[in-house]
>>> print(open('work18.txt').read())   # compact mmCIF, C-alpha atoms
# COMPACT_ATOMS: atom_id res chain seq x y z
CA MET G 1 5.06 -136.16 -30.22
CA LEU G 2 5.77 -134.93 -26.68
CA GLN G 3 6.59 -137.77 -24.30
CA VAL G 4 5.15 -137.19 -20.84
CA PRO G 5 7.33 -138.88 -18.19
CA HIS G 6 5.24 -141.53 -16.52
CA ARG G 7 5.97 -143.12 -13.18
CA GLU G 8 5.15 -146.80 -13.03
CA LYS G 9 2.38 -147.50 -10.57
CA ALA G 10 3.17 -149.76 -7.67
CA ASN G 11 1.44 -153.10 -7.95
CA GLY G 12 -1.20 -153.84 -5.32
CA ALA G 13 -1.93 -151.53 -2.42
CA ALA G 14 1.56 -150.33 -1.63
CA GLY G 15 4.64 -151.64 -3.36
CA LYS G 16 8.31 -151.75 -2.40
CA ASP G 17 8.58 -147.98 -2.66
CA THR G 18 6.99 -147.00 0.67
CA LYS G 19 8.34 -146.04 4.08
CA ALA G 20 6.48 -145.11 7.26
CA VAL G 21 7.30 -142.34 9.72
CA ILE G 22 5.79 -142.21 13.21
CA LEU G 23 5.99 -138.83 14.96
CA VAL G 24 6.43 -139.48 18.69
CA GLY G 25 7.05 -135.96 20.07
CA GLY G 26 9.18 -135.44 23.15
CA PRO G 27 9.27 -135.02 26.92
CA SER G 28 8.33 -131.32 26.91
CA ARG G 29 5.23 -132.27 24.93
CA GLY G 30 2.65 -134.63 26.43
CA THR G 31 2.25 -132.35 29.44
CA ARG G 32 -1.51 -132.77 29.15
CA PHE G 33 -0.91 -136.49 29.63
CA ARG G 34 0.38 -135.93 33.15
CA PRO G 35 0.43 -137.47 35.73
CA LEU G 36 0.81 -140.61 33.58
CA SER G 37 3.63 -139.21 31.40
CA LEU G 38 5.69 -138.43 34.53
CA ASP G 39 6.66 -142.12 34.63
CA VAL G 40 6.27 -143.38 31.06
CA PRO G 41 6.56 -141.44 27.77
CA LYS G 42 3.10 -141.12 26.23
CA PRO G 43 3.84 -143.26 23.11
CA LEU G 44 4.78 -146.18 25.40
CA PHE G 45 1.72 -145.93 27.67
CA ASP G 46 -0.29 -149.18 27.56
CA VAL G 47 -3.75 -148.98 25.99
CA ALA G 48 -5.68 -152.24 25.44
CA GLY G 49 -2.66 -154.21 26.67
CA HIS G 50 -0.09 -152.64 24.30
CA PRO G 51 1.84 -149.35 24.04
CA ILE G 52 0.01 -146.66 22.02
CA ILE G 53 2.73 -146.77 19.35
CA TRP G 54 2.38 -150.58 19.01
CA HIS G 55 -1.09 -150.05 17.52
CA CYS G 56 0.49 -147.84 14.80
CA LEU G 57 3.08 -150.54 14.04
CA THR G 58 0.41 -153.25 13.79
CA ALA G 59 -1.36 -151.22 11.09
CA ILE G 60 1.91 -150.48 9.23
CA ALA G 61 2.80 -154.20 9.29
CA LYS G 62 -0.41 -154.91 7.29
CA VAL G 63 0.82 -152.76 4.38
CA PRO G 64 2.66 -155.07 1.97
CA SER G 65 6.42 -154.60 1.73
CA ILE G 66 7.06 -151.43 3.70
CA GLN G 67 10.80 -150.78 3.45
CA GLU G 68 11.32 -149.32 6.93
CA VAL G 69 9.68 -147.51 9.85
CA CYS G 70 11.36 -144.36 11.21
CA MET G 71 10.25 -143.02 14.58
CA ILE G 72 11.05 -139.30 14.91
CA GLY G 73 11.05 -137.49 18.25
CA TYR G 74 13.23 -135.81 20.79
CA TYR G 75 13.14 -138.32 23.63
CA ASP G 76 16.48 -139.80 24.60
CA GLU G 77 17.48 -142.87 22.50
CA SER G 78 17.38 -145.07 25.60
CA VAL G 79 13.62 -144.47 25.96
CA PHE G 80 12.67 -146.59 22.93
CA LYS G 81 15.57 -149.06 23.03
CA ASP G 82 13.68 -151.91 24.74
CA PHE G 83 10.50 -151.26 22.77
CA ILE G 84 12.36 -151.42 19.42
CA LYS G 85 14.04 -154.66 20.51
CA GLU G 86 10.67 -156.25 21.39
CA ALA G 87 9.06 -154.90 18.20
CA ALA G 88 11.85 -156.49 16.12
CA THR G 89 10.76 -159.94 17.34
CA GLU G 90 7.06 -159.18 17.00
CA PHE G 91 7.33 -157.55 13.55
CA PRO G 92 10.33 -159.39 12.02
CA ASN G 93 9.72 -157.99 8.50
CA LEU G 94 9.60 -154.39 9.67
CA PRO G 95 12.98 -152.69 10.20
CA ILE G 96 12.42 -149.99 12.85
CA LYS G 97 14.78 -147.18 13.80
CA TYR G 98 14.57 -144.13 16.03
CA LEU G 99 15.77 -140.74 14.76
CA ARG G 100 16.36 -138.26 17.56
CA GLU G 101 15.88 -134.51 17.18
CA TYR G 102 18.00 -132.47 19.55
CA GLN G 103 15.34 -129.80 19.84
CA ALA G 104 11.68 -129.61 18.87
CA LEU G 105 11.57 -129.03 15.10
CA GLY G 106 7.82 -129.37 14.57
CA THR G 107 6.00 -132.16 12.71
CA ALA G 108 7.33 -131.09 9.29
CA GLY G 109 10.69 -129.79 10.54
CA GLY G 110 11.58 -133.24 11.90
CA LEU G 111 10.73 -134.87 8.55
CA TYR G 112 12.89 -132.37 6.69
CA HIS G 113 15.79 -132.60 9.13
CA PHE G 114 15.99 -136.39 8.63
CA ARG G 115 15.19 -136.32 4.90
CA ASP G 116 18.43 -138.12 3.97
CA ALA G 117 17.66 -141.03 6.32
CA ILE G 118 14.05 -141.19 5.08
CA LEU G 119 15.03 -141.02 1.39
CA LYS G 120 17.70 -143.73 1.75
CA GLY G 121 16.64 -146.70 -0.37
CA ARG G 122 14.75 -144.28 -2.65
CA PRO G 123 11.15 -144.68 -1.47
CA GLU G 124 8.59 -142.95 -3.68
CA ARG G 125 6.18 -142.17 -0.87
CA ILE G 126 5.95 -142.07 2.89
CA PHE G 127 3.18 -142.66 5.39
CA VAL G 128 3.32 -140.16 8.25
CA LEU G 129 1.43 -141.10 11.43
CA ASN G 130 1.02 -139.10 14.61
CA SER G 131 1.56 -141.55 17.45
CA ASP G 132 -1.12 -140.00 19.69
CA VAL G 133 -3.99 -141.00 17.42
CA CYS G 134 -6.28 -143.95 18.10
CA CYS G 135 -7.96 -145.32 14.97
CA SER G 136 -8.11 -148.35 12.69
CA PHE G 137 -5.38 -146.79 10.43
CA PRO G 138 -6.82 -147.77 6.99
CA LEU G 139 -3.40 -147.40 5.33
CA ASN G 140 -4.04 -149.80 2.44
CA GLU G 141 -7.22 -147.90 1.50
CA MET G 142 -5.25 -144.64 1.56
CA ALA G 143 -2.59 -146.21 -0.69
CA LYS G 144 -5.29 -147.38 -3.12
CA LEU G 145 -6.75 -143.85 -3.35
CA PHE G 146 -3.21 -142.52 -3.82
CA ASP G 147 -2.69 -144.86 -6.80
CA ASP G 148 -6.15 -144.36 -8.31
CA LYS G 149 -5.84 -140.57 -8.29
CA ASP G 150 -2.09 -140.47 -9.01
CA ALA G 151 -1.99 -138.22 -5.94
CA GLU G 152 0.80 -136.23 -4.34
CA ALA G 153 -0.78 -136.44 -0.91
CA VAL G 154 -3.63 -138.29 0.82
CA ILE G 155 -4.90 -137.27 4.25
CA LEU G 156 -7.13 -139.38 6.51
CA GLY G 157 -10.29 -137.51 7.51
CA THR G 158 -13.31 -138.22 9.70
CA ARG G 159 -16.60 -136.48 10.46
CA VAL G 160 -17.24 -135.01 13.91
CA SER G 161 -19.97 -132.78 15.35
CA GLN G 162 -19.95 -129.15 14.11
CA ASP G 163 -19.19 -127.93 17.66
CA ALA G 164 -16.09 -130.13 18.00
CA ALA G 165 -14.75 -129.47 14.48
CA THR G 166 -13.10 -126.11 15.23
CA ASN G 167 -10.75 -127.83 17.73
CA PHE G 168 -9.12 -129.70 14.85
CA GLY G 169 -7.74 -129.09 11.37
CA CYS G 170 -10.74 -128.78 9.03
CA ILE G 171 -10.82 -130.10 5.45
CA VAL G 172 -13.06 -128.74 2.69
CA SER G 173 -13.22 -131.34 -0.06
CA ASP G 174 -14.96 -132.01 -3.35
CA GLN G 175 -17.42 -134.76 -2.41
CA HIS G 176 -17.34 -136.34 -5.84
CA SER G 177 -13.59 -136.41 -6.58
CA ARG G 178 -12.48 -136.37 -2.88
CA ARG G 179 -9.94 -133.67 -3.73
CA VAL G 180 -8.96 -131.36 -0.86
CA LEU G 181 -9.95 -127.82 -1.86
CA HIS G 182 -9.05 -126.03 1.35
CA TYR G 183 -7.41 -126.82 4.67
CA VAL G 184 -7.51 -124.69 7.83
CA GLU G 185 -5.96 -125.63 11.19
CA LYS G 186 -8.39 -124.89 14.09
CA PRO G 187 -10.52 -122.32 12.23
CA GLU G 188 -12.23 -119.56 14.20
CA SER G 189 -15.53 -120.15 12.42
CA GLN G 190 -17.15 -123.36 11.23
CA ILE G 191 -16.05 -124.28 7.71
CA SER G 192 -16.43 -128.07 7.65
CA ASN G 193 -17.01 -131.00 10.00
CA LEU G 194 -14.51 -133.17 8.10
CA ILE G 195 -11.35 -133.09 10.21
CA ASN G 196 -7.71 -134.11 9.93
CA CYS G 197 -6.99 -137.47 11.62
CA GLY G 198 -3.22 -136.93 11.74
CA VAL G 199 -2.42 -139.76 9.27
CA TYR G 200 -0.94 -138.93 5.85
CA LEU G 201 0.55 -140.50 2.73
CA PHE G 202 2.90 -138.19 0.80
CA SER G 203 4.83 -138.49 -2.41
CA VAL G 204 8.47 -137.68 -1.56
CA ASP G 205 8.53 -135.49 -4.69
CA ALA G 206 5.80 -133.30 -3.21
CA ILE G 207 6.37 -133.16 0.54
CA PHE G 208 10.07 -132.26 0.80
CA PRO G 209 9.97 -129.41 -1.77
CA SER G 210 6.83 -128.14 -0.01
CA ILE G 211 8.61 -128.07 3.37
CA ARG G 212 11.66 -126.47 1.74
CA SER G 213 9.57 -123.61 0.33
CA ALA G 214 7.87 -123.13 3.73
CA ILE G 215 11.31 -122.80 5.36
CA LYS G 216 12.37 -120.35 2.65
CA ARG G 217 9.24 -118.26 3.21
CA ARG G 218 10.02 -118.21 6.92
CA THR G 219 13.58 -116.98 6.46
CA ASP G 220 12.71 -114.47 3.71
CA ARG G 221 9.86 -112.97 5.67
CA PRO G 222 10.67 -113.19 9.38
CA ARG G 223 7.79 -112.70 11.76
CA LEU G 224 7.36 -109.14 12.99
CA VAL G 225 7.79 -108.77 16.72
CA SER G 226 6.14 -105.76 18.31
CA TYR G 227 7.61 -104.16 21.40
CA PRO G 228 4.90 -102.09 23.07
CA SER G 229 7.22 -100.03 25.30
CA SER G 230 10.81 -98.86 25.57
CA GLU G 231 11.43 -101.25 28.49
CA ASN G 232 11.23 -104.09 26.00
CA LEU G 233 13.86 -102.66 23.69
CA GLU G 234 16.55 -104.26 25.83
CA SER G 235 14.99 -107.71 25.36
CA SER G 236 14.54 -107.14 21.62
CA PHE G 237 18.26 -107.64 21.11
CA MET G 238 18.08 -110.91 23.02
CA ALA G 239 15.15 -112.25 21.01
CA ASP G 240 17.04 -112.82 17.75
CA GLU G 241 18.34 -116.26 18.67
CA ASP G 242 14.92 -117.41 19.86
CA GLU G 243 13.37 -116.07 16.69
CA GLU G 244 15.82 -118.11 14.62
CA ARG G 245 14.93 -121.17 16.62
CA LYS G 246 11.22 -120.54 16.04
CA ASN G 247 11.95 -120.28 12.33
CA GLU G 248 13.13 -123.88 12.42
CA VAL G 249 9.84 -125.17 13.86
CA ILE G 250 7.79 -126.07 10.81
CA ARG G 251 4.48 -127.85 11.38
CA LEU G 252 2.68 -129.96 8.80
CA GLU G 253 -0.73 -128.77 9.94
CA GLN G 254 -0.13 -125.01 10.07
CA ASP G 255 2.59 -124.51 7.46
CA ILE G 256 2.32 -127.25 4.82
CA LEU G 257 -1.17 -128.70 4.30
CA SER G 258 -2.92 -125.51 3.18
CA ASP G 259 -0.23 -125.11 0.48
CA LEU G 260 -0.68 -128.70 -0.67
CA ALA G 261 -4.42 -128.01 -1.06
CA ASP G 262 -3.50 -125.61 -3.89
CA SER G 263 -1.69 -128.40 -5.76
CA LYS G 264 -4.83 -130.12 -7.14
CA GLN G 265 -3.31 -133.53 -6.30
CA PHE G 266 -4.19 -133.60 -2.58
CA PHE G 267 -7.01 -136.03 -1.66
CA VAL G 268 -8.85 -137.10 1.47
CA HIS G 269 -9.79 -140.66 2.46
CA GLU G 270 -12.76 -140.37 4.79
CA THR G 271 -12.86 -143.11 7.42
CA LYS G 272 -16.22 -144.22 8.79
CA ASP G 273 -14.39 -146.21 11.45
CA PHE G 274 -13.50 -145.06 14.96
CA TRP G 275 -11.07 -142.20 15.58
CA ARG G 276 -9.90 -140.51 18.74
CA GLN G 277 -7.03 -138.28 19.80
CA ILE G 278 -4.99 -139.31 22.86
CA LYS G 279 -4.07 -135.90 24.25
CA THR G 280 -5.08 -135.79 27.90
CA ALA G 281 -4.43 -138.61 30.37
CA GLY G 282 -8.17 -139.24 30.60
CA SER G 283 -8.48 -139.83 26.83
CA ALA G 284 -6.58 -143.11 27.30
CA VAL G 285 -9.82 -144.64 28.67
CA PRO G 286 -12.01 -144.08 25.56
CA ALA G 287 -9.02 -145.07 23.37
CA ASN G 288 -8.66 -148.26 25.42
CA ALA G 289 -12.38 -149.00 24.84
CA LEU G 290 -12.10 -148.43 21.07
CA TYR G 291 -9.03 -150.67 20.66
CA LEU G 292 -10.58 -153.41 22.82
CA GLN G 293 -13.77 -153.30 20.71
CA GLN G 294 -11.65 -153.53 17.55
CA ALA G 295 -9.80 -156.56 19.01
CA GLN G 296 -13.16 -158.15 19.81
CA GLN G 297 -14.48 -157.57 16.28
CA THR G 298 -11.36 -159.08 14.71
CA GLY G 299 -11.57 -162.13 17.01
CA SER G 300 -8.32 -161.43 18.87
CA LYS G 301 -7.07 -164.34 21.00
CA GLU G 302 -5.58 -161.89 23.52
CA LEU G 303 -8.91 -160.98 25.09
CA ALA G 304 -10.30 -162.76 28.14
CA LYS G 305 -13.06 -165.30 27.44
CA PRO G 306 -16.53 -163.92 28.26
CA SER G 307 -18.21 -165.40 31.34
CA PRO G 308 -20.84 -164.27 33.88
CA ASN G 309 -18.10 -162.23 35.60
CA ILE G 310 -16.31 -161.05 32.47
CA ILE G 311 -18.29 -158.71 30.22
CA SER G 312 -16.41 -158.43 26.90
CA PRO G 313 -14.16 -156.90 25.81
CA VAL G 314 -11.61 -157.31 28.62
CA PHE G 315 -7.82 -157.67 28.40
CA ILE G 316 -6.15 -159.45 31.34
CA HIS G 317 -2.38 -159.84 31.34
CA PRO G 318 -1.39 -163.50 31.89
CA SER G 319 0.58 -162.58 35.05
CA ALA G 320 -2.39 -160.80 36.72
CA GLN G 321 -4.34 -162.51 39.52
CA VAL G 322 -8.06 -161.90 39.31
CA ASP G 323 -10.36 -163.47 41.90
CA PRO G 324 -13.08 -165.50 40.13
CA THR G 325 -15.78 -163.61 42.08
CA ALA G 326 -14.56 -160.20 40.82
CA LYS G 327 -16.60 -158.76 37.97
CA LEU G 328 -14.76 -157.03 35.09
CA GLY G 329 -15.88 -155.21 31.97
CA PRO G 330 -16.82 -153.94 29.58
CA ASN G 331 -13.73 -152.14 28.20
CA VAL G 332 -11.23 -153.01 30.92
CA SER G 333 -7.46 -153.57 30.61
CA ILE G 334 -5.62 -155.27 33.48
CA GLY G 335 -1.83 -154.93 33.40
CA PRO G 336 0.99 -157.27 34.47
CA ARG G 337 1.06 -158.60 38.07
CA VAL G 338 -2.15 -156.79 39.05
CA ILE G 339 -4.08 -158.34 41.96
CA ILE G 340 -7.87 -157.99 42.03
CA GLY G 341 -9.64 -159.19 45.16
CA ALA G 342 -12.92 -161.01 45.72
CA GLY G 343 -16.13 -159.21 44.83
CA ALA G 344 -14.36 -156.23 43.26
CA ARG G 345 -16.03 -154.45 40.32
CA VAL G 346 -14.00 -152.86 37.49
CA LYS G 347 -15.66 -151.20 34.50
CA GLU G 348 -14.42 -148.91 31.66
CA SER G 349 -10.97 -148.62 33.27
CA ILE G 350 -7.25 -149.25 32.89
CA VAL G 351 -5.42 -150.89 35.80
CA LEU G 352 -1.65 -150.56 35.34
CA GLU G 353 1.04 -153.01 36.37
CA ASP G 354 1.59 -154.07 40.00
CA ALA G 355 -1.58 -152.30 41.17
CA GLU G 356 -3.87 -153.94 43.70
CA ILE G 357 -7.63 -153.60 44.03
CA LYS G 358 -8.77 -155.09 47.33
CA HIS G 359 -11.96 -157.05 47.94
CA ASP G 360 -15.33 -155.42 47.23
CA ALA G 361 -13.75 -152.23 45.84
CA CYS G 362 -15.34 -150.52 42.85
CA VAL G 363 -13.37 -148.86 40.00
CA LEU G 364 -15.34 -147.14 37.22
CA TYR G 365 -14.16 -144.82 34.39
CA SER G 366 -10.72 -144.57 35.96
CA ILE G 367 -7.02 -145.22 35.49
CA VAL G 368 -5.27 -146.89 38.45
CA GLY G 369 -1.54 -146.12 38.30
CA TRP G 370 1.48 -148.39 38.65
CA ASN G 371 1.87 -149.93 42.16
CA SER G 372 -1.26 -148.16 43.40
CA ARG G 373 -3.56 -149.66 46.02
CA VAL G 374 -7.34 -149.34 46.19
CA GLY G 375 -8.62 -150.37 49.64
CA ALA G 376 -11.47 -152.73 50.50
CA TRP G 377 -14.95 -151.30 49.86
CA ALA G 378 -13.38 -148.17 48.37
CA ARG G 379 -14.90 -146.50 45.32
CA VAL G 380 -12.80 -144.83 42.61
CA GLU G 381 -14.96 -143.39 39.85
CA GLY G 382 -15.14 -140.96 36.97
CA THR G 383 -18.13 -139.81 34.92
CA PRO G 384 -19.21 -141.50 31.69
CA THR G 385 -19.00 -139.21 28.64
CA PRO G 386 -20.82 -139.76 25.32
CA VAL G 387 -18.97 -141.96 22.83
CA THR G 388 -19.09 -139.17 20.24
CA SER G 389 -17.54 -136.62 22.63
CA HIS G 390 -13.94 -135.62 21.93
CA SER G 391 -13.54 -133.99 25.35
CA THR G 392 -12.50 -135.66 28.63
CA SER G 393 -13.73 -132.91 30.93
CA VAL G 394 -17.16 -132.33 32.43
CA VAL G 395 -18.67 -129.39 34.30
CA LYS G 396 -19.60 -130.16 37.92
CA ASN G 397 -21.17 -127.37 40.03
CA GLY G 398 -19.94 -124.80 37.51
CA VAL G 399 -16.34 -126.10 37.66
CA LYS G 400 -14.61 -127.90 34.77
CA VAL G 401 -13.17 -131.20 36.03
CA GLN G 402 -11.67 -134.34 34.46
CA SER G 403 -14.37 -136.89 33.63
CA ILE G 404 -11.88 -139.73 34.21
CA THR G 405 -10.40 -140.29 37.68
CA ILE G 406 -6.64 -140.86 37.52
CA LEU G 407 -4.42 -142.24 40.25
CA GLY G 408 -0.74 -141.61 39.49
CA LYS G 409 2.07 -144.00 40.38
CA GLU G 410 2.04 -145.56 43.89
CA CYS G 411 -1.11 -143.86 45.17
CA GLY G 412 -3.08 -145.37 48.01
CA VAL G 413 -6.86 -145.15 48.50
CA GLY G 414 -7.86 -146.13 52.03
CA ASP G 415 -10.55 -148.68 52.88
CA GLU G 416 -14.09 -147.35 52.30
CA VAL G 417 -12.81 -144.08 50.78
CA ARG G 418 -14.64 -142.57 47.79
CA VAL G 419 -12.65 -140.74 45.07
CA GLN G 420 -14.72 -139.07 42.37
CA ASN G 421 -13.56 -137.07 39.29
CA CYS G 422 -10.08 -136.50 40.71
CA VAL G 423 -6.56 -136.43 39.31
CA CYS G 424 -4.13 -137.67 41.92
CA LEU G 425 -0.41 -137.05 41.49
CA PRO G 426 2.06 -139.87 42.31
CA PHE G 427 2.80 -141.10 45.88
CA LYS G 428 -0.35 -139.69 47.51
CA GLU G 429 -2.36 -141.41 50.26
CA LEU G 430 -6.10 -140.68 50.21
CA LYS G 431 -7.64 -141.30 53.61
CA ARG G 432 -10.85 -139.28 53.21
CA ASP G 433 -13.52 -138.88 50.52
CA VAL G 434 -12.56 -136.46 47.73
CA ALA G 435 -14.43 -135.17 44.68
CA ASN G 436 -13.62 -132.84 41.75
CA GLU G 437 -10.07 -132.10 42.85
CA VAL G 438 -6.49 -132.28 41.63
CA ILE G 439 -4.60 -133.80 44.55
CA MET G 440 -1.06 -132.43 44.62
>>> encode(input="work18.txt", output="structure tokens")
Amino acid sequence: MLQVPHREKANGAAGKDTKAVILVGGPSRGTRFRPLSLDVPKPLFDVAGHPIIWHCLTAIAKVPSIQEVCMIGYYDESVFKDFIKEAATEFPNLPIKYLREYQALGTAGGLYHFRDAILKGRPERIFVLNSDVCCSFPLNEMAKLFDDKDAEAVILGTRVSQDAATNFGCIVSDQHSRRVLHYVEKPESQISNLINCGVYLFSVDAIFPSIRSAIKRRTDRPRLVSYPSSENLESSFMADEDEERKNEVIRLEQDILSDLADSKQFFVHETKDFWRQIKTAGSAVPANALYLQQAQQTGSKELAKPSPNIISPVFIHPSAQVDPTAKLGPNVSIGPRVIIGAGARVKESIVLEDAEIKHDACVLYSIVGWNSRVGAWARVEGTPTPVTSHSTSVVKNGVKVQSITILGKECGVGDEVRVQNCVCLPFKELKRDVANEVIM
């Protein structure tokens, strides 16, 4: 009788055979996160009192016996040094290391480049998380589906409105078996409102061969470059090196997932919980609200106690000074050493470290940058957007503007000045009322 090789199933949700990879990108990415990413790399930007990437680690720490966490990106090593040191004390059972790419290799290219480091210790599967995603990261549920279906890959999916779906990777799945039948990144027409959340669980036996064959396809069939006129012939000889470099950029979403959908062992775990991408600087405000609400639901001790002047959920750093007559909340994060004066009102906002909001000022739907000052009786405000919206821009007088007002590092808003729907680059003084502008 033919013996079919059978891999022992891991006991519980995820056994000893699992690693996690967090994709953190690099400094040439995150340009949409400016002006905030001019001073802090996006993964280390504080949302709900903690760096964005800390929320990923918290979820990974809840998966039993993860061997190791690898962060892959092309920031300098020094960028994450302090964070990794702090994380080692906060997550003592989670060895964390940073693997640096020396050029952008794409989401799958980075995984493949560091395959030896990832496969060290012989894990059977790996979680892959995009760091710029805000969600509850139901990793244990994904691992359970992986075991139940004996899957090669599990993707986290969520439902969005039909209009928003084409901005994301769309998943067509069998509703009964939850198998992924078809995957298209940013389709031109509507095919499904179930979208890719940027969180995956792969069998190492499936993902690395899949990336290898994508690289082989690339090199066997190089992209055709058309040169519309003879003037470009000169540059055609120069393009070879760039073309080779492009060949190395392999992305999970565009190059790998649609192939995995043909494998019959690719499944989707649909989350009914919150999910949000953190792409633009303004999207940090809804992400902040979602993480604060999650902290409130789980009874986190970090949140400020509700009172007549504190409408939950609110995070106040212990070193901040908030006047008892100031009213904060809901969905407000106050950073280290912030000073908030008497009678000030802060709602749906993030106030970053060393900022000062003077007495009777009003800050709504905004991000106040590091060391910034908001004068007395000043008003800094954005526009509320629907919770279900995945966009952070609104149309005002026929012009598309940011719905969230953002003050970069060390900006000053004068007394009694009103700033509405503006993005203000660092070191600017605003002495007059401004609306719907980018202040350079």
>>> residues_near_point(input="work18.txt", point="(-6.9, -156.7, 45.9)", cutoff="10 Å", atoms="only C-alpha atoms", output="list of chain:residue names")
G:Gln321, G:Val322, G:Asp323, G:Ala326, G:Val338, G:Ile339, G:Ile340, G:Gly341, G:Ala342, G:Gly343, G:Ala344, G:Ala355, G:Glu356, G:Ile357, G:Lys358, G:His359, G:Asp360, G:Ala361, G:Arg373, G:Val374, G:Gly375, G:Ala376
>>> residues_around(input="work18.txt", residues="Leu23 of chain G", least_positions_apart="4", cutoff="9 Å", atoms="all atoms listed in the file", output="list in words")
Cys70, Met71, Ile72, Gly73, Thr107, Gly110, Leu111, Val128, Leu129, Asn130, Ser131 and Asp132 of chain G
>>> write_last_selection(input="work18.txt", atoms="C-alpha atoms", output="PDB file, in the coordinates of the input")
ATOM      1  CA  CYS G  70      11.360-144.360  11.210  1.00  0.00           C
ATOM      2  CA  MET G  71      10.250-143.020  14.580  1.00  0.00           C
ATOM      3  CA  ILE G  72      11.050-139.300  14.910  1.00  0.00           C
ATOM      4  CA  GLY G  73      11.050-137.490  18.250  1.00  0.00           C
ATOM      5  CA  THR G 107       6.000-132.160  12.710  1.00  0.00           C
ATOM      6  CA  GLY G 110      11.580-133.240  11.900  1.00  0.00           C
ATOM      7  CA  LEU G 111      10.730-134.870   8.550  1.00  0.00           C
ATOM      8  CA  VAL G 128       3.320-140.160   8.250  1.00  0.00           C
ATOM      9  CA  LEU G 129       1.430-141.100  11.430  1.00  0.00           C
ATOM     10  CA  ASN G 130       1.020-139.100  14.610  1.00  0.00           C
ATOM     11  CA  SER G 131       1.560-141.550  17.450  1.00  0.00           C
ATOM     12  CA  ASP G 132      -1.120-140.000  19.690  1.00  0.00           C
TER      13      ASP G 132
END
>>> residues_around(input="work18.txt", residues="Lys279 of chain G", least_positions_apart="3", cutoff="12 Å", atoms="only C-alpha atoms", output="PDB file with C-alpha atoms, in the coordinates of the input")
ATOM      1  CA  GLY G  25       7.050-135.960  20.070  1.00  0.00           C
ATOM      2  CA  ARG G  29       5.230-132.270  24.930  1.00  0.00           C
ATOM      3  CA  GLY G  30       2.650-134.630  26.430  1.00  0.00           C
ATOM      4  CA  THR G  31       2.250-132.350  29.440  1.00  0.00           C
ATOM      5  CA  ARG G  32      -1.510-132.770  29.150  1.00  0.00           C
ATOM      6  CA  PHE G  33      -0.910-136.490  29.630  1.00  0.00           C
ATOM      7  CA  ARG G  34       0.380-135.930  33.150  1.00  0.00           C
ATOM      8  CA  LEU G  36       0.810-140.610  33.580  1.00  0.00           C
ATOM      9  CA  SER G  37       3.630-139.210  31.400  1.00  0.00           C
ATOM     10  CA  LYS G  42       3.100-141.120  26.230  1.00  0.00           C
ATOM     11  CA  PRO G  43       3.840-143.260  23.110  1.00  0.00           C
ATOM     12  CA  ILE G  52       0.010-146.660  22.020  1.00  0.00           C
ATOM     13  CA  ASN G 130       1.020-139.100  14.610  1.00  0.00           C
ATOM     14  CA  SER G 131       1.560-141.550  17.450  1.00  0.00           C
ATOM     15  CA  ASP G 132      -1.120-140.000  19.690  1.00  0.00           C
ATOM     16  CA  VAL G 133      -3.990-141.000  17.420  1.00  0.00           C
ATOM     17  CA  CYS G 134      -6.280-143.950  18.100  1.00  0.00           C
ATOM     18  CA  ARG G 276      -9.900-140.510  18.740  1.00  0.00           C
ATOM     19  CA  GLY G 282      -8.170-139.240  30.600  1.00  0.00           C
ATOM     20  CA  SER G 283      -8.480-139.830  26.830  1.00  0.00           C
ATOM     21  CA  ALA G 284      -6.580-143.110  27.300  1.00  0.00           C
ATOM     22  CA  VAL G 285      -9.820-144.640  28.670  1.00  0.00           C
ATOM     23  CA  PRO G 286     -12.010-144.080  25.560  1.00  0.00           C
ATOM     24  CA  ALA G 287      -9.020-145.070  23.370  1.00  0.00           C
ATOM     25  CA  HIS G 390     -13.940-135.620  21.930  1.00  0.00           C
ATOM     26  CA  SER G 391     -13.540-133.990  25.350  1.00  0.00           C
ATOM     27  CA  THR G 392     -12.500-135.660  28.630  1.00  0.00           C
TER      28      THR G 392
END
>>> closest_residue(input="work18.txt", among="G:Lys186, G:Glu437, G:Ala164, G:Val21", to="Ser389 of chain G", atoms="all atoms listed in the file")
G:Ala164
>>> atom_distance(input="work18.txt", atom1="atom CA of Leu257 of chain G", atom2="atom CA of Asn196 of chain G")
10.2 Å
>>> atom_distance(input="work18.txt", atom1="atom CA of Thr219 of chain G", atom2="atom CA of Glu101 of chain G")
20.7 Å
>>> residues_around(input="work18.txt", residues="Val417 of chain G", least_positions_apart="6", cutoff="8 Å", atoms="all atoms listed in the file", output="JSON, numbers by chain")
{"G": [375, 377, 378, 379, 430, 431, 432, 433]}
>>> residues_around(input="work18.txt", residues="Gln294 of chain G", least_positions_apart="4", cutoff="12 Å", atoms="only C-alpha atoms", output="PyMOL selection string")
chain G and resi 48+55+134-137+273-275+287-290+298-300+302-303+312-314+331
>>> residues_around(input="work18.txt", residues="Pro138 of chain G", least_positions_apart="5", cutoff="10 Å", atoms="only C-alpha atoms", output="ChimeraX atom specification")
/G:59-60,62-63,143,156,199,269-271,273
>>> closest_residue(input="work18.txt", among="G:Ser78, G:Gln297, G:Thr166, G:Thr58", to="Phe91 of chain G", atoms="all atoms listed in the file")
G:Thr58
>>> atom_distance(input="work18.txt", atom1="atom CA of Leu364 of chain G", atom2="atom CA of Thr158 of chain G")
29.0 Å
>>> closest_residue(input="work18.txt", among="G:Asp205, G:Asp39, G:Glu141, G:Glu77", to="Leu425 of chain G", atoms="only C-alpha atoms")
G:Asp39
>>> closest_residue(input="work18.txt", among="G:Leu407, G:Val180, G:Cys56, G:Leu105", to="Gly198 of chain G", atoms="only C-alpha atoms")
G:Cys56
>>> closest_residue(input="work18.txt", among="G:Asn167, G:Pro64, G:Ala153, G:Ser403", to="Pro386 of chain G", atoms="only C-alpha atoms")
G:Ser403
